[in-house]
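Colleague: The structure follows.
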Amino acid sequence: LVFCHDFVFGAMTLEERHMRGDALGGIGEDVIWSYIAQLTSAVRYVHSRGKALRCLHASKVLVTPQQRVYLNCAGILDTVGDKKIHIHDQQAEDLRELGTLLLQTVCRSMEASLPSSLAASIEYLSVHYNPELKDFVVFCISQPGGAGQATIFTACARIAGRLLEQLDYAYQHHDACHRELAKEIQCGRLFRLICKLNVILERPDRHNNDANAWAETGDRYLLKLYRDYVFHQCEEDETPVVDFGAIVQSLNKLDVGTSEKITLISRDEQTILIVSYSDLKACAERSFSELLQDGNYAQQTGGGRGPMAPPPGFVEQTH
């Protein structure tokens with residue numbers, strides 16, 4: 001019989017993280033409530049489906065550096081253990097084990113829940129933590145069992161405010177991740193735009209002996225001047241201008257196609273054009289569409305294609 005589990009990189013058991021001689025420092029109350037929220041959520045999920053965890057032990061609960069909690073070895077005792085124990089008794093034992101686990105974690109000792117140490121552990125909890133935390137731990141570990149035993153749902157109701165607070169933190173974290181993802185999406189959007197421009201600019205023309213006939217005329221000429229405007233600007237003393245903020249801002253305007261107008265000047269300063277970003281965007285779209293119609297475009301679906309043909313004028317040397 002083999003049990004397979006997911007590998008969680010960087011995770012440690014609660015015992016390793018908080019209860020050994022080389023364990024990390026003291027545990028803040030915000031961290032404890034984060035553990036409580038995740039553990040009670042897991043227990044509630046299992047109990048609501050008529051099952052029991054039976055694995056709430058400091059050596060079985062994993063914690064990542066980001067304070068994410070994972071439960072290990074769930075279901076093993078259901079497979080190899082005693083199945084005659086009533087499910088309600090198993091769930092009541094889960095609740096007592098939850099309280100015991102929290103007490104051991106807060107006191108940073110596996111012996112904190114022993115009968116000889118229980119009173120001192122509760123006193124430590126009263127002195128160093130909020131009374132609400134002490135009441136919750138005592139409520140969990142003092143369940144007698146039997147017909148009048150409490151459930152995880154009753155326990156969750158006692159700390160509903162704290163659970164909602166943790167939910168608010170989770171939403172804040174979600175919003176932060178969403179903002180960072182939006183930044184990555186913006187980078188990907190500009191990367192796609194730069195790829196289009198570089199596919200178009202200074203591209204040899206296979207259908208004309210003049211290698212620059214397509215790239216130096218019409219819409220492509222405007223895009224070439226725009227490329228110089230964005231990436232090749234210089235000061236009056238010919239010092240290169242490297243301004244990433246201005247580059248990103250200009251590319252964003254091109255991607256959107258704003259009505260703002262800019263002045264494009266050729267390198268020999270014989271041509272001066274005033275165009276809007278919307279005109280430049282239309283030029284880019286038309287030129288790119290021409291390439292798609294004339295070429296064999298496989299990148300959109302991630303497919304492969306045959307070897308690329310050499311550019312005009314390329315002569316293969318054989319020996």
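Just so we're on the same page: first chain in the structure tokens is A, next is B, and so on; residues restart at 1 for each chain, and ligands are numbered from 1 in the order they show up.
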Tell me, as a list in words, which residues lie within 10 Å of segment 219-224 of chain A, counting only C-alpha atoms; anything in the same chain fewer than 6 positions away does not count.

Modeller: Leu197, Asn198, Ile200, Leu201, Glu202, Arg203, Leu264, Ile265, Ser266, Leu273, Val275, Asp279, Leu280, Lys281, Ala282, Cys283, Ala284, Glu285, Arg286, Ser287 and Phe288 of chain A

Colleague: Report as a PyMOL selection string all protein, DNA and RNA residues lying within 10 Å of Val43 of chain A, evaluated on only C-alpha atoms, omitting residues in the same chain fewer than 3 positions from it.

Modeller: chain A and resi 38-40+46-48+51-54+56+71+91+94-95+98+152-153

Colleague: As a PyMOL selection string, please: every residue in segment 179-269 of chain A that DSSP puts in alpha helix (DSSP H).

Modeller: chain A and resi 179-200+218-231+244-256

Colleague: Can you measure atom CA of Ala74 of chain A to atom CA of Leu14 of chain A for me? One decimal in Å is fine.

Modeller: 15.8 Å

Colleague: Could you state the separation of atom CA of Glu290 of chain A and atom CA of Lys253 of chain A in Å, given to one decimal place?

Modeller: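 It comes out at 22.8 Å.
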
Colleague: Out of A:Ile36, A:Met19, A:Val256, A:Met12, which residue has the shortest atom-to-atom distance to Thr64 of chain A when counting only C-alpha atoms?

Modeller: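 The answer is A:Met12, which sits nearest to Thr64 of chain A.
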
Colleague: Atom CA of Glu269 of chain A and atom CA of Leu254 of chain A are how many Å apart?

Modeller: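 Atom-to-atom, atom CA of Glu269 of chain A and atom CA of Leu254 of chain A are spaced 23.1 Å apart.
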
Colleague: When you count only C-alpha atoms, which of these residues is closest to Thr258 of chain A: A:Ser276, A:His18, A:His173, A:Met110?

Modeller: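 Under the stated criterion, the closest residue is A:Ser276.
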
Colleague: Just the residues within 10 Å of segment 111-114 of chain A, please, counting only C-alpha atoms, with nothing from its chain fewer than 3 positions along; format it as a PyMOL selection string.

Modeller: chain A and resi 19+99-108+117-122+141

Colleague: Could you dump the residues just selected with N, CA, C and O atoms as an mmCIF file, in the first residue's frame?

Modeller:
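Saved file again.cif follows:
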```cif
data_model
loop_
_atom_site.group_PDB
_atom_site.id
_atom_site.type_symbol
_atom_site.label_atom_id
_atom_site.label_comp_id
_atom_site.auth_asym_id
_atom_site.auth_seq_id
_atom_site.Cartn_x
_atom_site.Cartn_y
_atom_site.Cartn_z
ATOM 1 N N MET A 19 8.928 24.467 17.433
ATOM 2 C CA MET A 19 9.025 23.736 18.696
ATOM 3 C C MET A 19 10.362 23.072 18.951
ATOM 4 O O MET A 19 10.524 22.404 19.965
ATOM 5 N N GLY A 99 -7.154 22.265 19.391
ATOM 6 C CA GLY A 99 -6.794 23.075 20.549
ATOM 7 C C GLY A 99 -5.426 22.713 21.095
ATOM 8 O O GLY A 99 -4.630 23.599 21.451
ATOM 9 N N THR A 100 -5.132 21.412 21.148
ATOM 10 C CA THR A 100 -3.827 20.961 21.634
ATOM 11 C C THR A 100 -2.706 21.458 20.735
ATOM 12 O O THR A 100 -1.659 21.932 21.209
ATOM 13 N N LEU A 101 -2.916 21.371 19.421
ATOM 14 C CA LEU A 101 -1.912 21.821 18.458
ATOM 15 C C LEU A 101 -1.640 23.318 18.601
ATOM 16 O O LEU A 101 -0.484 23.762 18.581
ATOM 17 N N LEU A 102 -2.699 24.114 18.773
ATOM 18 C CA LEU A 102 -2.523 25.561 18.928
ATOM 19 C C LEU A 102 -1.788 25.890 20.223
ATOM 20 O O LEU A 102 -0.914 26.767 20.242
ATOM 21 N N LEU A 103 -2.117 25.189 21.284
ATOM 22 C CA LEU A 103 -1.449 25.433 22.561
ATOM 23 C C LEU A 103 0.038 25.086 22.466
ATOM 24 O O LEU A 103 0.903 25.839 22.954
ATOM 25 N N GLN A 104 0.364 23.975 21.840
ATOM 26 C CA GLN A 104 1.763 23.585 21.670
ATOM 27 C C GLN A 104 2.508 24.593 20.801
ATOM 28 O O GLN A 104 3.672 24.926 21.068
ATOM 29 N N THR A 105 1.843 25.093 19.781
ATOM 30 C CA THR A 105 2.489 26.042 18.882
ATOM 31 C C THR A 105 2.767 27.366 19.580
ATOM 32 O O THR A 105 3.864 27.928 19.462
ATOM 33 N N VAL A 106 1.777 27.874 20.294
ATOM 34 C CA VAL A 106 1.943 29.153 20.989
ATOM 35 C C VAL A 106 3.043 29.047 22.043
ATOM 36 O O VAL A 106 3.883 29.946 22.189
ATOM 37 N N CYS A 107 3.049 27.949 22.798
ATOM 38 C CA CYS A 107 4.048 27.764 23.857
ATOM 39 C C CYS A 107 5.370 27.217 23.325
ATOM 40 O O CYS A 107 6.334 27.092 24.101
ATOM 41 N N ARG A 108 5.386 26.832 22.047
ATOM 42 C CA ARG A 108 6.591 26.346 21.387
ATOM 43 C C ARG A 108 7.173 25.114 22.091
ATOM 44 O O ARG A 108 8.376 24.968 22.239
ATOM 45 N N SER A 117 1.647 20.258 32.697
ATOM 46 C CA SER A 117 2.049 21.572 32.195
ATOM 47 C C SER A 117 0.871 22.407 31.714
ATOM 48 O O SER A 117 1.052 23.571 31.330
ATOM 49 N N LEU A 118 -0.330 21.834 31.707
ATOM 50 C CA LEU A 118 -1.472 22.495 31.088
ATOM 51 C C LEU A 118 -1.796 23.835 31.750
ATOM 52 O O LEU A 118 -2.005 24.849 31.072
ATOM 53 N N ALA A 119 -1.821 23.872 33.081
ATOM 54 C CA ALA A 119 -2.172 25.106 33.785
ATOM 55 C C ALA A 119 -1.162 26.211 33.493
ATOM 56 O O ALA A 119 -1.533 27.377 33.232
ATOM 57 N N ALA A 120 0.124 25.871 33.498
ATOM 58 C CA ALA A 120 1.156 26.871 33.205
ATOM 59 C C ALA A 120 1.072 27.347 31.767
ATOM 60 O O ALA A 120 1.294 28.533 31.478
ATOM 61 N N SER A 121 0.726 26.454 30.862
ATOM 62 C CA SER A 121 0.602 26.829 29.451
ATOM 63 C C SER A 121 -0.562 27.790 29.244
ATOM 64 O O SER A 121 -0.453 28.776 28.502
ATOM 65 N N ILE A 122 -1.689 27.511 29.900
ATOM 66 C CA ILE A 122 -2.841 28.401 29.783
ATOM 67 C C ILE A 122 -2.506 29.766 30.388
ATOM 68 O O ILE A 122 -2.898 30.818 29.859
ATOM 69 N N ILE A 141 -9.854 22.396 23.667
ATOM 70 C CA ILE A 141 -9.229 21.276 24.373
ATOM 71 C C ILE A 141 -10.081 20.746 25.522
ATOM 72 O O ILE A 141 -9.815 19.666 26.045
#
```

Colleague: Between A:Cys187, A:Ala58, A:Val127, A:Ile262, single out the one closest to Tyr277 of chain A, counting only C-alpha atoms.

Modeller: A:Ile262

Colleague: Got a sec to tell me which of segment 54-294 of chain A DSSP assigns to strand (DSSP E), as a PDB file with C-alpha atoms, in the first residue's frame?

Modeller:
```
ATOM      1  CA  VAL A  61       0.932  20.074   9.718  1.00  0.00           C
ATOM      2  CA  LEU A  62       3.173  21.792   7.156  1.00  0.00           C
ATOM      3  CA  VAL A  63       3.871  25.533   7.008  1.00  0.00           C
ATOM      4  CA  VAL A  69      -0.673  25.801   6.063  1.00  0.00           C
ATOM      5  CA  TYR A  70      -0.995  22.320   4.555  1.00  0.00           C
ATOM      6  CA  LEU A  71      -2.278  19.152   6.228  1.00  0.00           C
ATOM      7  CA  LYS A 261       0.371  64.111 -32.618  1.00  0.00           C
ATOM      8  CA  ILE A 262       4.157  63.898 -32.732  1.00  0.00           C
ATOM      9  CA  THR A 263       6.798  65.218 -35.115  1.00  0.00           C
ATOM     10  CA  LEU A 264       8.868  62.671 -37.017  1.00  0.00           C
ATOM     11  CA  ILE A 265      12.122  63.739 -38.666  1.00  0.00           C
ATOM     12  CA  ILE A 272       9.445  66.280 -41.406  1.00  0.00           C
ATOM     13  CA  LEU A 273       6.055  64.671 -40.785  1.00  0.00           C
ATOM     14  CA  ILE A 274       3.398  65.385 -38.163  1.00  0.00           C
ATOM     15  CA  VAL A 275       1.322  62.293 -37.435  1.00  0.00           C
ATOM     16  CA  SER A 276      -0.912  61.022 -34.643  1.00  0.00           C
TER      17      SER A 276
END
```

Colleague: Using only C-alpha atoms, which of A:Glu180, A:Glu29, A:Asp255, A:Asp6 sits nearest Lys196 of chain A?

Modeller: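 Of all the options, A:Asp255 lies closest to Lys196 of chain A.
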